[in-house]
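Asker: Compact mmCIF, C-alpha atoms, saved as upload_31.txt, coming up:
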# COMPACT_ATOMS: atom_id res chain seq x y z
CA MET A 1 153.08 78.23 259.32
CA SER A 2 155.76 80.75 258.54
CA ALA A 3 159.10 81.18 260.26
CA ILE A 4 157.83 84.26 262.10
CA HIS A 5 154.76 82.38 263.37
CA ASP A 6 156.98 79.48 264.45
CA LEU A 7 159.21 81.95 266.29
CA ALA A 8 156.23 83.60 268.00
CA ALA A 9 154.98 80.16 269.10
CA THR A 10 158.42 79.27 270.48
CA ILE A 11 158.55 82.55 272.41
CA ALA A 12 155.09 81.90 273.84
CA ALA A 13 156.15 78.41 274.91
CA ARG A 14 159.30 79.73 276.59
CA ARG A 15 157.29 82.00 278.89
CA THR A 16 157.07 79.10 281.34
CA ALA A 17 160.57 77.73 280.76
CA ASP A 18 163.36 77.85 283.31
CA PRO A 19 165.23 81.15 282.88
CA ASP A 20 168.49 79.26 283.44
CA SER A 21 167.82 77.15 280.36
CA SER A 22 166.44 79.72 277.91
CA TRP A 23 167.53 83.20 276.84
CA THR A 24 163.91 84.01 275.99
CA ALA A 25 162.66 82.88 279.40
CA LYS A 26 165.46 84.82 281.10
CA LEU A 27 164.56 87.99 279.21
CA LEU A 28 160.82 87.60 279.89
CA ALA A 29 161.54 86.98 283.58
CA LYS A 30 163.25 90.37 283.75
CA GLY A 31 159.97 92.06 282.80
CA PRO A 32 158.51 94.12 279.98
CA GLU A 33 160.78 97.09 280.59
CA LYS A 34 163.94 95.01 280.09
CA CYS A 35 162.40 93.42 277.00
CA ALA A 36 161.68 96.88 275.61
CA GLU A 37 165.22 98.03 276.42
CA LYS A 38 166.70 95.03 274.59
CA PHE A 39 164.44 95.66 271.59
CA GLY A 40 165.67 99.27 271.49
CA GLU A 41 169.30 98.17 271.60
CA GLU A 42 168.76 95.79 268.70
CA ALA A 43 166.89 98.44 266.71
CA VAL A 44 169.81 100.85 267.10
CA GLU A 45 172.22 98.14 265.92
CA ALA A 46 170.05 97.59 262.84
CA ILE A 47 170.00 101.32 262.14
CA ILE A 48 173.79 101.44 262.32
CA GLU A 49 174.12 98.59 259.81
CA ALA A 50 171.54 100.21 257.51
CA VAL A 51 173.57 103.42 257.49
CA LYS A 52 176.80 101.52 256.87
CA GLY A 53 175.20 99.67 253.97
CA ASP A 54 176.36 96.20 254.99
CA ARG A 55 173.52 94.02 253.66
CA ASP A 56 174.54 90.83 255.47
CA ARG A 57 174.99 92.57 258.84
CA LEU A 58 171.70 94.43 258.36
CA THR A 59 169.94 91.14 257.64
CA SER A 60 171.38 89.63 260.81
CA GLU A 61 170.47 92.64 262.93
CA ALA A 62 166.97 92.76 261.41
CA ALA A 63 166.44 89.16 262.52
CA ASP A 64 167.50 90.20 266.04
CA VAL A 65 165.03 93.11 265.90
CA VAL A 66 162.16 90.84 264.87
CA PHE A 67 162.99 88.34 267.61
CA HIS A 68 163.21 91.01 270.30
CA LEU A 69 160.04 92.72 269.03
CA LEU A 70 158.16 89.46 269.47
CA VAL A 71 159.63 89.00 272.95
CA MET A 72 158.64 92.56 273.90
CA LEU A 73 155.12 91.98 272.59
CA ALA A 74 154.87 88.70 274.51
CA ALA A 75 155.95 90.47 277.67
CA ARG A 76 152.85 92.65 277.34
CA ASP A 77 150.54 89.85 276.15
CA VAL A 78 150.31 91.20 272.59
CA THR A 79 150.33 88.41 270.03
CA LEU A 80 151.53 88.34 266.46
CA THR A 81 147.88 87.76 265.53
CA ASP A 82 146.99 91.05 267.27
CA VAL A 83 149.61 92.87 265.21
CA GLU A 84 148.44 91.20 262.00
CA ALA A 85 144.86 92.27 262.74
CA GLU A 86 146.00 95.86 263.16
CA LEU A 87 147.93 95.70 259.87
CA ALA A 88 144.84 94.24 258.16
CA ARG A 89 142.73 97.07 259.59
CA ARG A 90 145.14 99.58 258.07
CA ALA A 91 145.38 97.84 254.68
CA GLY A 92 144.25 100.02 251.82
CA THR A 93 144.64 103.18 253.87
CA SER A 94 147.24 105.71 252.82
CA GLY A 95 150.06 105.91 255.33
CA LEU A 96 149.65 109.67 255.38
CA SER A 97 145.91 109.38 256.06
CA GLU A 98 146.41 106.76 258.75
CA LYS A 99 149.04 108.87 260.48
CA ALA A 100 146.83 111.98 260.32
CA SER A 101 143.94 110.06 261.89
CA ARG A 102 146.02 109.46 265.03
CA SER A 103 146.34 113.16 265.82
Output the file's structure as structure tokens, nothing else.
Answerer:
Amino acid sequence: MSAIHDLAATIAARRTADPDSSWTAKLLAKGPEKCAEKFGEEAVEAIIEAVKGDRDRLTSEAADVVFHLLVMLAARDVTLTDVEAELARRAGTSGLSEKASRS
């Protein structure tokens, strides 16, 4: 298993943990909207570091974004496997073509 799969498994396991003992459980207990809000905050922080050009800070913020993306997905019962299946479905399709097909 990869680090991202291990992280997704940990997040799934924390869904039933005591919110007083786990940041992930606390965030999930606040609901999908709060999880989405936190993901958005982390994404903005990553954007700021990307613009600044600080590679180390961007790497750190990107890790936060990935974590909070997985938490947000878990809050809506979307698994990493679901996302991987969608990426596999899109493989070999031009990004421009895929985007045009959504219109």
Asker: One number please: CA of Asp64 in chain A to CA of Trp23 in chain A, in Å, one decimal.
Answerer: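 Distance reported for this atom pair: 12.9 Å.
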Asker: So how many Å separate CA of His68 in chain A and CA of Ala13 in chain A, to one decimal?
Answerer: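 Computing the Euclidean distance for CA of His68 in chain A and CA of Ala13 in chain A yields 15.2 Å.
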Asker: Mind pulling up the distance from CA of Phe39 in chain A to CA of Arg15 in chain A?
Answerer: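 CA of Phe39 in chain A lies at a distance of 17.1 Å from CA of Arg15 in chain A.
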Asker: Identify, on the basis of only C-alpha atoms, every residue whose closest approach to Glu33 in chain A does not exceed 12 Å; exclude the query and any residue fewer than 6 positions from it along the same chain; express the result as a count of residues only.
Answerer: 9
Asker: Tell me which protein, DNA and RNA residues are within 12 Å of Glu41 in chain A, counting only C-alpha atoms, leaving out same-chain ones fewer than 2 positions away, and put them as a list in words.
Answerer: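 The contact residues come out as Lys34, Cys35, Ala36, Glu37, Lys38, Phe39, Ala43, Val44, Glu45, Ala46, Ile47, Ile48, Glu61, Ala62, Asp64, Val65, His68 and Leu69 of chain A.
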Asker: Okay, now the selection with C-alpha atoms, as a PDB file, keeping the file's coordinate frame?
Answerer:
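result-v4.pdb, freshly written:
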ATOM      1  CA  LYS A  34     163.940  95.010 280.090  1.00  0.00           C
ATOM      2  CA  CYS A  35     162.400  93.420 277.000  1.00  0.00           C
ATOM      3  CA  ALA A  36     161.680  96.880 275.610  1.00  0.00           C
ATOM      4  CA  GLU A  37     165.220  98.030 276.420  1.00  0.00           C
ATOM      5  CA  LYS A  38     166.700  95.030 274.590  1.00  0.00           C
ATOM      6  CA  PHE A  39     164.440  95.660 271.590  1.00  0.00           C
ATOM      7  CA  ALA A  43     166.890  98.440 266.710  1.00  0.00           C
ATOM      8  CA  VAL A  44     169.810 100.850 267.100  1.00  0.00           C
ATOM      9  CA  GLU A  45     172.220  98.140 265.920  1.00  0.00           C
ATOM     10  CA  ALA A  46     170.050  97.590 262.840  1.00  0.00           C
ATOM     11  CA  ILE A  47     170.000 101.320 262.140  1.00  0.00           C
ATOM     12  CA  ILE A  48     173.790 101.440 262.320  1.00  0.00           C
ATOM     13  CA  GLU A  61     170.470  92.640 262.930  1.00  0.00           C
ATOM     14  CA  ALA A  62     166.970  92.760 261.410  1.00  0.00           C
ATOM     15  CA  ASP A  64     167.500  90.200 266.040  1.00  0.00           C
ATOM     16  CA  VAL A  65     165.030  93.110 265.900  1.00  0.00           C
ATOM     17  CA  HIS A  68     163.210  91.010 270.300  1.00  0.00           C
ATOM     18  CA  LEU A  69     160.040  92.720 269.030  1.00  0.00           C
TER      19      LEU A  69
END
Asker: With only C-alpha atoms as the counted atoms, please give the residues lying no more than 12 Å from His5 in chain A, apart from itself and same-chain residues fewer than 3 positions off, as a list in words.
Answerer: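 Surrounding residues, per the criterion: Met1, Ser2, Ala8, Ala9, Thr10, Ile11, Ala12, Val66, Phe67, Leu70, Thr79, Leu80, Thr81, Val83 and Glu84 of chain A.
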Asker: Tell me which of A:Arg102, A:Asp77, A:Ala29, A:Ala85 sits closest to Thr16 in chain A, counting only C-alpha atoms.
Answerer: A:Ala29
Asker: Take range 16-28 of chain A, model N, CA and C atoms, and hand the result over as a JSON list (two decimals), keeping the file's coordinate frame.
Answerer:
[["chain", "number", "residue", "atom", "x", "y", "z"],
["A", 16, "THR", "N", 157.10, 79.92, 280.12],
["A", 16, "THR", "CA", 157.07, 79.10, 281.34],
["A", 16, "THR", "C", 158.34, 78.27, 281.52],
["A", 17, "ALA", "N", 159.32, 78.48, 280.67],
["A", 17, "ALA", "CA", 160.57, 77.73, 280.76],
["A", 17, "ALA", "C", 161.43, 78.25, 281.91],
["A", 18, "ASP", "N", 162.39, 77.46, 282.28],
["A", 18, "ASP", "CA", 163.36, 77.85, 283.31],
["A", 18, "ASP", "C", 164.28, 78.92, 282.73],
["A", 19, "PRO", "N", 164.35, 80.08, 283.38],
["A", 19, "PRO", "CA", 165.23, 81.15, 282.88],
["A", 19, "PRO", "C", 166.70, 80.75, 282.79],
["A", 20, "ASP", "N", 167.10, 79.73, 283.52],
["A", 20, "ASP", "CA", 168.49, 79.26, 283.44],
["A", 20, "ASP", "C", 168.74, 78.41, 282.20],
["A", 21, "SER", "N", 167.66, 78.01, 281.53],
["A", 21, "SER", "CA", 167.82, 77.15, 280.36],
["A", 21, "SER", "C", 167.43, 77.82, 279.05],
["A", 22, "SER", "N", 166.94, 79.06, 279.11],
["A", 22, "SER", "CA", 166.44, 79.72, 277.91],
["A", 22, "SER", "C", 166.68, 81.22, 277.98],
["A", 23, "TRP", "N", 167.32, 81.76, 276.93],
["A", 23, "TRP", "CA", 167.53, 83.20, 276.84],
["A", 23, "TRP", "C", 166.19, 83.92, 276.82],
["A", 24, "THR", "N", 165.23, 83.39, 276.09],
["A", 24, "THR", "CA", 163.91, 84.01, 275.99],
["A", 24, "THR", "C", 163.24, 84.05, 277.36],
["A", 25, "ALA", "N", 163.26, 82.93, 278.07],
["A", 25, "ALA", "CA", 162.66, 82.88, 279.40],
["A", 25, "ALA", "C", 163.36, 83.84, 280.35],
["A", 26, "LYS", "N", 164.68, 83.91, 280.25],
["A", 26, "LYS", "CA", 165.46, 84.82, 281.10],
["A", 26, "LYS", "C", 165.06, 86.27, 280.84],
["A", 27, "LEU", "N", 164.94, 86.62, 279.57],
["A", 27, "LEU", "CA", 164.56, 87.99, 279.21],
["A", 27, "LEU", "C", 163.14, 88.30, 279.69],
["A", 28, "LEU", "N", 162.21, 87.39, 279.45],
["A", 28, "LEU", "CA", 160.82, 87.60, 279.89],
["A", 28, "LEU", "C", 160.73, 87.70, 281.41]]
